[in-house]
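Contents: one structure, followed by commentary.
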Amino acid sequence: MNVLPGQASSAEGQGGKDPFLRIQLLVFALVAAVFTTVYIPQPVLPVLRLEFGVAEGVASRTVSAVVLGMALANLPFGALADRLPIRRILLTGGLVVAICGLASALAPSLELLVAARFVQGLFIPALTTCLAAYLARVMPVGRLNVVMGTYVSATVLGGLSGRLLAGVLMPAAHWRWAFFLASALLIAAALAAYAGLPVEPDEGPVARDTTRFRDVLLRHDLIRLYAVGAGAYFVFSSIFNYLPFYLYGAPFHWSTRAVTLLYLSYVMGVVAGPLAGRLSNAIGNGTAMVAGSLVLGGGVALTLVPRGWAMAAALTLVCAGFFTVHAAAAGALNRKLQAGRGRANAFYVLFYYLGGAAGITLSGHGYHARGWHGVVGLCAAALLVPLGTGFMERRAAAAKA
């Protein structure tokens with residue numbers, strides 16, 4: 001029988017088991033499976049470019065189509081999360097995303113592959129936005145920063161797994177098999193989450209949340225956190241989407257396998273997520289955002305050093321900084337909310353992925369016009385957003401003290 005979070009103290013007293021740990025494990029598995037699917041094409045973009053005979057920017061649509069779909073669907077799913085039992089939404093979204101993954105594996109043309117990926121993106125918010133709302137609903141405030149850090153760590157592991165599946169574990173030319181395996185993992189994780197996550201308080205007819213979209217959109221303290229997600233993911237998506245093209249060319253001339261192995265720097269994010277949650281509790285979310293932005297900026301700058309060791313160190317810093325900023329912003333957002341969690345998390349993820357889509361698009365033009373220096377320049381400008389917001393959050397916290 002599922003133990004409700006509200007019954008945690010009695011359950012721990014009787015059996016010594018922590019029901020929150022089970023929730024975190026199920027959430028970790030589900031989110032990791034989702035993001036495994038999202039990033040499969042990224043390390044093999046040059047392979048897709050050659051196989052389908054298209055330019056770099058066109059091949060990148062296999063990633064940006066997912067990001068665009070996620071951005072468009074976040075608000076509708078955010079509203080659903082405030083009205084319907086979330087476990088059912090998770091199950092439906094998981095099955096649809098997995099089926100579209102199978103369609104991606106079988107797609108005979110790039111157009112059909114991009115279309116299947118776009119539909120995947122439309123249903124991924126059922127597993128991301130709705131899951132964040134679920135956690136905000138069932139987890140106590142004292143554990144929310146930490147569990148959101150675990151959620152972020154799962155996105156890291158998923159992103160790493162997807163890239164390794166397509167670029168290392170399977171030959172690059174056999175990228176379709178990576179989609180088959182990722183879909184099977186997602187179906188298993190979605191079924192396990194539906195069966196194992198505790199029923200939400202008042203699940204059945206969910207208590208009506210009268211919060212409107214404009215109530216959480218027009219709050220200045222929330223808008224700046226939405227902007228943090230957008231700015232940070234602008235940088236992160238730009239670096240990792242155009243890095244393969246950078247390293248395939250002069251002076252590196254790396255192979256697909258060598259480029260993909262650099263994504264092992266994602267392991268830093270697995271550690272950084274939960275640590276960022278604890279760090280935010282200790283020094284404040286604003287200070288954590290400032291620190292993460294500076295680390296992220298240092299990593300971006302280091303990519304300009306044309307050495308292999310510099311690339312490895314740079315990507316480690318990029319991952320550590322990005323996931324610190326992301327975890328601090330997500331934790332700060334949910335700590336500010338008493339109602340409208342689904343809608344607010346939907347706006348956060350909407351801005352987050354719009355920032356990612358903008359990063360992929362604009363950095364594509366920057367890369368075409370100025371090479372890697374064009375990408376780095378755009379990233380430096382985008383980093384001003386999370387850095388400035390971090391200072392604002394620090395001032396706001398000091399004013400309340």
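Ligands are numbered from 1 in the order shown, residues from 1 within each chain, and chains are lettered A, B, ... in the order they appear in the structure tokens.
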
Contacts of range 314-323 of chain A at 9 Å (only C-alpha atoms; same-chain gap of 6+ positions) as a ChimeraX atom specification: /A:149,152-153,156,232-233,235-236,239-240,262-273,276,289,291-303

Those selected residues, please, written with N, CA and C atoms and delivered as a short mmCIF file (atom, residue, chain, number, x, y, z; two decimals), in the first residue's frame.
```
data_model
loop_
_atom_site.label_atom_id
_atom_site.label_comp_id
_atom_site.auth_asym_id
_atom_site.auth_seq_id
_atom_site.Cartn_x
_atom_site.Cartn_y
_atom_site.Cartn_z
N GLY A 149 16.48 19.35 -6.30
CA GLY A 149 17.85 19.08 -6.75
C GLY A 149 17.99 17.67 -7.29
N VAL A 152 16.54 17.64 -10.71
CA VAL A 152 17.49 18.19 -11.68
C VAL A 152 18.58 17.18 -11.99
N SER A 153 19.05 16.45 -10.96
CA SER A 153 20.07 15.43 -11.20
C SER A 153 19.58 14.35 -12.16
N VAL A 156 20.00 15.36 -15.58
CA VAL A 156 21.40 15.22 -15.95
C VAL A 156 21.71 13.81 -16.42
N ALA A 232 19.75 30.59 -18.46
CA ALA A 232 20.69 29.50 -18.19
C ALA A 232 20.60 28.42 -19.27
N TYR A 233 19.38 28.09 -19.69
CA TYR A 233 19.25 27.02 -20.68
C TYR A 233 19.63 27.52 -22.07
N VAL A 235 22.25 29.28 -22.63
CA VAL A 235 23.69 29.02 -22.65
C VAL A 235 23.98 27.52 -22.78
N PHE A 236 23.32 26.73 -21.95
CA PHE A 236 23.60 25.30 -21.90
C PHE A 236 23.28 24.62 -23.24
N ILE A 239 25.87 25.62 -26.01
CA ILE A 239 27.18 24.98 -25.88
C ILE A 239 27.11 23.53 -26.33
N PHE A 240 26.15 22.78 -25.83
CA PHE A 240 26.12 21.35 -26.10
C PHE A 240 25.58 21.01 -27.49
N LEU A 262 32.98 13.28 -24.02
CA LEU A 262 33.04 14.54 -23.27
C LEU A 262 31.75 14.78 -22.49
N TYR A 263 30.65 14.17 -22.96
CA TYR A 263 29.39 14.34 -22.24
C TYR A 263 29.41 13.67 -20.88
N LEU A 264 30.46 12.89 -20.60
CA LEU A 264 30.60 12.33 -19.25
C LEU A 264 30.75 13.44 -18.22
N SER A 265 31.04 14.65 -18.67
CA SER A 265 31.06 15.79 -17.75
C SER A 265 29.70 15.99 -17.10
N TYR A 266 28.65 15.42 -17.69
CA TYR A 266 27.32 15.49 -17.11
C TYR A 266 27.27 14.87 -15.72
N VAL A 267 28.21 13.96 -15.44
CA VAL A 267 28.23 13.34 -14.11
C VAL A 267 28.33 14.41 -13.03
N MET A 268 29.02 15.50 -13.34
CA MET A 268 29.10 16.60 -12.39
C MET A 268 27.72 17.12 -12.02
N GLY A 269 26.80 17.13 -13.00
CA GLY A 269 25.45 17.60 -12.72
C GLY A 269 24.69 16.69 -11.79
N VAL A 270 24.95 15.38 -11.85
CA VAL A 270 24.29 14.44 -10.94
C VAL A 270 24.63 14.80 -9.50
N VAL A 271 25.87 15.20 -9.27
CA VAL A 271 26.30 15.60 -7.94
C VAL A 271 25.83 17.01 -7.61
N ALA A 272 25.88 17.90 -8.62
CA ALA A 272 25.58 19.31 -8.39
C ALA A 272 24.13 19.55 -8.03
N GLY A 273 23.19 18.75 -8.58
CA GLY A 273 21.77 18.98 -8.31
C GLY A 273 21.42 18.95 -6.83
N ALA A 276 23.30 21.53 -4.83
CA ALA A 276 22.78 22.88 -5.02
C ALA A 276 21.57 23.13 -4.13
N MET A 289 22.56 31.23 -7.06
CA MET A 289 22.44 31.60 -8.48
C MET A 289 23.64 32.41 -8.95
N ALA A 291 26.71 32.37 -7.69
CA ALA A 291 27.87 31.48 -7.76
C ALA A 291 27.79 30.57 -8.98
N GLY A 292 26.60 30.01 -9.23
CA GLY A 292 26.45 29.14 -10.38
C GLY A 292 26.66 29.86 -11.69
N SER A 293 26.20 31.10 -11.79
CA SER A 293 26.37 31.89 -13.02
C SER A 293 27.84 32.16 -13.29
N LEU A 294 28.60 32.47 -12.24
CA LEU A 294 30.03 32.74 -12.41
C LEU A 294 30.78 31.49 -12.84
N VAL A 295 30.43 30.34 -12.26
CA VAL A 295 31.07 29.09 -12.66
C VAL A 295 30.71 28.74 -14.10
N LEU A 296 29.45 28.93 -14.45
CA LEU A 296 29.00 28.65 -15.82
C LEU A 296 29.73 29.55 -16.82
N GLY A 297 29.86 30.84 -16.48
CA GLY A 297 30.58 31.75 -17.36
C GLY A 297 32.04 31.38 -17.52
N GLY A 298 32.67 30.94 -16.43
CA GLY A 298 34.05 30.51 -16.52
C GLY A 298 34.22 29.31 -17.44
N GLY A 299 33.25 28.37 -17.39
CA GLY A 299 33.31 27.22 -18.27
C GLY A 299 33.16 27.60 -19.73
N VAL A 300 32.24 28.52 -20.01
CA VAL A 300 32.05 28.97 -21.39
C VAL A 300 33.33 29.63 -21.91
N ALA A 301 33.95 30.46 -21.11
CA ALA A 301 35.18 31.14 -21.53
C ALA A 301 36.30 30.15 -21.80
N LEU A 302 36.37 29.08 -21.00
CA LEU A 302 37.44 28.10 -21.14
C LEU A 302 37.35 27.31 -22.44
N THR A 303 36.16 27.24 -23.04
CA THR A 303 36.04 26.52 -24.32
C THR A 303 36.83 27.19 -25.43
#
```

Per residue of range 117-204 of chain A within 6 Å of range 29-42 of chain A, note the shortest atom pair and the distance in Å to one decimal, counting only C-alpha atoms, and order the rows by chain and increasing residue number, as CSV.
```
residue,atom,partner,partner_atom,distance
A:Ala154,CA,A:Ala32,CA,4.7
A:Thr155,CA,A:Ala32,CA,5.4
A:Leu157,CA,A:Ala32,CA,5.8
A:Gly158,CA,A:Ala32,CA,3.9
A:Gly159,CA,A:Thr36,CA,5.3
A:Ser161,CA,A:Thr36,CA,5.4
A:Gly162,CA,A:Thr36,CA,4.0
A:Arg163,CA,A:Ile40,CA,5.2
A:Ala166,CA,A:Ile40,CA,5.8
A:Ala182,CA,A:Thr37,CA,5.7
A:Leu186,CA,A:Ala33,CA,5.0
A:Ala189,CA,A:Leu30,CA,5.0
```

May I have the residues from that selection written out with C-alpha atoms, as a compact mmCIF listing (two decimals), in the first residue's frame?
```txt
# COMPACT_ATOMS: atom_id res chain seq x y z
CA ALA A 154 17.73 13.03 -12.98
CA THR A 155 17.61 15.37 -15.98
CA LEU A 157 21.61 11.44 -15.91
CA GLY A 158 18.95 11.23 -18.60
CA GLY A 159 20.77 13.70 -20.82
CA SER A 161 22.33 8.42 -21.00
CA GLY A 162 20.70 9.58 -24.23
CA ARG A 163 23.95 10.91 -25.57
CA ALA A 166 23.55 7.14 -29.52
CA ALA A 182 14.98 4.57 -24.65
CA LEU A 186 10.40 5.06 -20.45
CA ALA A 189 9.54 3.92 -15.59
```

Counting only C-alpha atoms, the option among A:Arg278, A:Arg212, A:Arg22, A:Arg49 closest to Gly342 in chain A: A:Arg212

Surrounding residues of Leu127 in chain A excluding itself and chain neighbours under 6 positions, 10 Å, only C-alpha atoms, as an NGL selection string: :A and (27 or 30-31 or 34 or 77 or 86-87 or 89-94 or 97 or 190)

Glu51 in chain A surroundings by only C-alpha atoms, 10 Å radius, close-in-sequence under 4 positions cut, as a ChimeraX atom specification: /A:45-47,59,109-110,173

Give me a file of those residues, with C-alpha atoms, as a compact mmCIF listing (two decimals), in the first residue's frame.
```
# COMPACT_ATOMS: atom_id res chain seq x y z
CA LEU A 45 23.93 15.40 -35.47
CA PRO A 46 26.81 15.25 -37.97
CA VAL A 47 25.74 11.67 -38.81
CA ALA A 59 19.83 18.48 -38.56
CA SER A 109 12.93 10.81 -43.66
CA LEU A 110 14.16 13.73 -41.61
CA ALA A 173 25.25 4.82 -37.77
```

Counting only C-alpha atoms, the residue of A:Phe180, A:Phe28, A:Phe118, A:Trp372 that sits nearest Asn241 in chain A: A:Trp372

Every residue of range 19-228 of chain A that DSSP places in helix (DSSP H, G or I), as a VMD selection string: chain A and resid 19 to 38 42 to 52 56 to 59 61 to 81 86 to 106 110 to 126 129 to 138 141 to 169 172 to 196 213 to 217 220 to 228

Contacts of Ala381 in chain A at 12 Å (only C-alpha atoms; same-chain gap of 4+ positions) as a ChimeraX atom specification: /A:231-232,234-235,293,297,300,359,363,374-377,385-388

Can you list, as a PDB file with C-alpha atoms, in the first residue's frame, every protein, DNA or RNA residue that comes within 12 Å of Ala346 in chain A when you count only C-alpha atoms, leaving out same-chain residues fewer than 6 positions away?
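Produced file part.pdb, reproduced below:
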```
ATOM      1  CA  MET A  70       7.749  21.279 -24.728  1.00  0.00           C
ATOM      2  CA  ALA A  71       7.519  25.067 -24.692  1.00  0.00           C
ATOM      3  CA  LEU A  72       4.116  25.112 -26.416  1.00  0.00           C
ATOM      4  CA  ALA A  73       2.523  22.428 -24.236  1.00  0.00           C
ATOM      5  CA  ASN A  74       3.686  23.560 -20.814  1.00  0.00           C
ATOM      6  CA  LEU A  75       0.829  25.953 -20.067  1.00  0.00           C
ATOM      7  CA  PRO A  76      -1.973  23.497 -20.942  1.00  0.00           C
ATOM      8  CA  PHE A  77      -0.356  20.770 -18.857  1.00  0.00           C
ATOM      9  CA  GLY A  78       0.257  23.222 -16.034  1.00  0.00           C
ATOM     10  CA  ALA A  79      -3.475  23.948 -15.935  1.00  0.00           C
ATOM     11  CA  LEU A  80      -4.266  20.226 -16.005  1.00  0.00           C
ATOM     12  CA  ALA A  81      -1.902  19.635 -13.077  1.00  0.00           C
ATOM     13  CA  ASP A  82      -3.930  22.085 -10.974  1.00  0.00           C
ATOM     14  CA  ILE A 124       6.964  15.677 -22.252  1.00  0.00           C
ATOM     15  CA  PRO A 125       5.480  18.430 -20.015  1.00  0.00           C
ATOM     16  CA  ALA A 126       3.085  15.754 -18.751  1.00  0.00           C
ATOM     17  CA  LEU A 127       6.188  14.235 -17.175  1.00  0.00           C
ATOM     18  CA  THR A 128       8.189  17.336 -16.254  1.00  0.00           C
ATOM     19  CA  THR A 129       5.902  20.267 -15.441  1.00  0.00           C
ATOM     20  CA  CYS A 130       3.275  18.016 -13.881  1.00  0.00           C
ATOM     21  CA  LEU A 131       5.858  16.087 -11.915  1.00  0.00           C
ATOM     22  CA  ALA A 132       7.300  19.314 -10.462  1.00  0.00           C
ATOM     23  CA  ALA A 133       3.774  20.325  -9.414  1.00  0.00           C
ATOM     24  CA  PHE A 213      -2.314  32.114 -15.267  1.00  0.00           C
ATOM     25  CA  VAL A 216       1.593  33.747 -11.504  1.00  0.00           C
ATOM     26  CA  LEU A 217       2.772  35.444 -14.693  1.00  0.00           C
ATOM     27  CA  LEU A 222       8.316  34.925 -10.188  1.00  0.00           C
ATOM     28  CA  TYR A 226      11.325  32.310 -15.145  1.00  0.00           C
ATOM     29  CA  GLY A 229      15.626  29.347 -16.447  1.00  0.00           C
ATOM     30  CA  ALA A 330      13.434  25.828  -9.282  1.00  0.00           C
ATOM     31  CA  LEU A 333      10.150  29.295  -7.300  1.00  0.00           C
ATOM     32  CA  ASN A 334       8.344  26.511  -5.462  1.00  0.00           C
ATOM     33  CA  GLY A 340      -1.053  27.677  -8.596  1.00  0.00           C
ATOM     34  CA  TYR A 352      13.240  27.515 -19.793  1.00  0.00           C
ATOM     35  CA  TYR A 353      12.636  25.743 -23.094  1.00  0.00           C
ATOM     36  CA  LEU A 354      11.925  28.906 -25.035  1.00  0.00           C
TER      37      LEU A 354
END
```

Contacts of Val44 in chain A within 12 Å, only C-alpha atoms, excl. fewer than 5 positions in-chain, as an MDAnalysis selection string: chainID A and resid 39 49:51 56 59:60 62:63 162:168 170:176 178 241:245 248 255:260

Using only C-alpha atoms, tabulate the residues of range 285-333 of chain A lying at most 7 Å from any atom of range 391-399 of chain A, each with its closest atom pair and that distance in Å to one decimal, by chain and increasing residue number, as a Markdown table.
```
| residue | atom | partner | partner_atom | distance |
| --- | --- | --- | --- | --- |
| A:Gly286 | CA | A:Glu393 | CA | 4.6 |
| A:Thr287 | CA | A:Arg394 | CA | 6.1 |
| A:Val290 | CA | A:Phe391 | CA | 6.7 |
```

Based on the selection just made, write N, CA and C atoms of those residues as a PDB file, in the first residue's frame.
```pdb
ATOM      1  N   GLY A 286      19.515  33.097  -3.912  1.00  0.00           N
ATOM      2  CA  GLY A 286      20.128  34.164  -4.697  1.00  0.00           C
ATOM      3  C   GLY A 286      21.632  34.016  -4.785  1.00  0.00           C
ATOM      4  N   THR A 287      22.271  33.762  -3.649  1.00  0.00           N
ATOM      5  CA  THR A 287      23.726  33.581  -3.641  1.00  0.00           C
ATOM      6  C   THR A 287      24.129  32.365  -4.467  1.00  0.00           C
ATOM      7  N   VAL A 290      24.083  33.338  -8.130  1.00  0.00           N
ATOM      8  CA  VAL A 290      25.255  34.141  -8.496  1.00  0.00           C
ATOM      9  C   VAL A 290      26.479  33.249  -8.668  1.00  0.00           C
TER      10      VAL A 290
END
```

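The coordinates place CA of Arg219 in chain A at 23.0 Å from CA of Asn281 in chain A.
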
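Atom pair CA of Phe351 in chain A / CA of Ser280 in chain A has a distance of 21.7 Å (rounded to one decimal).
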
CA of Gly121 in chain A to CA of Ala357 in chain A, straight-line distance in Å: 12.0 Å
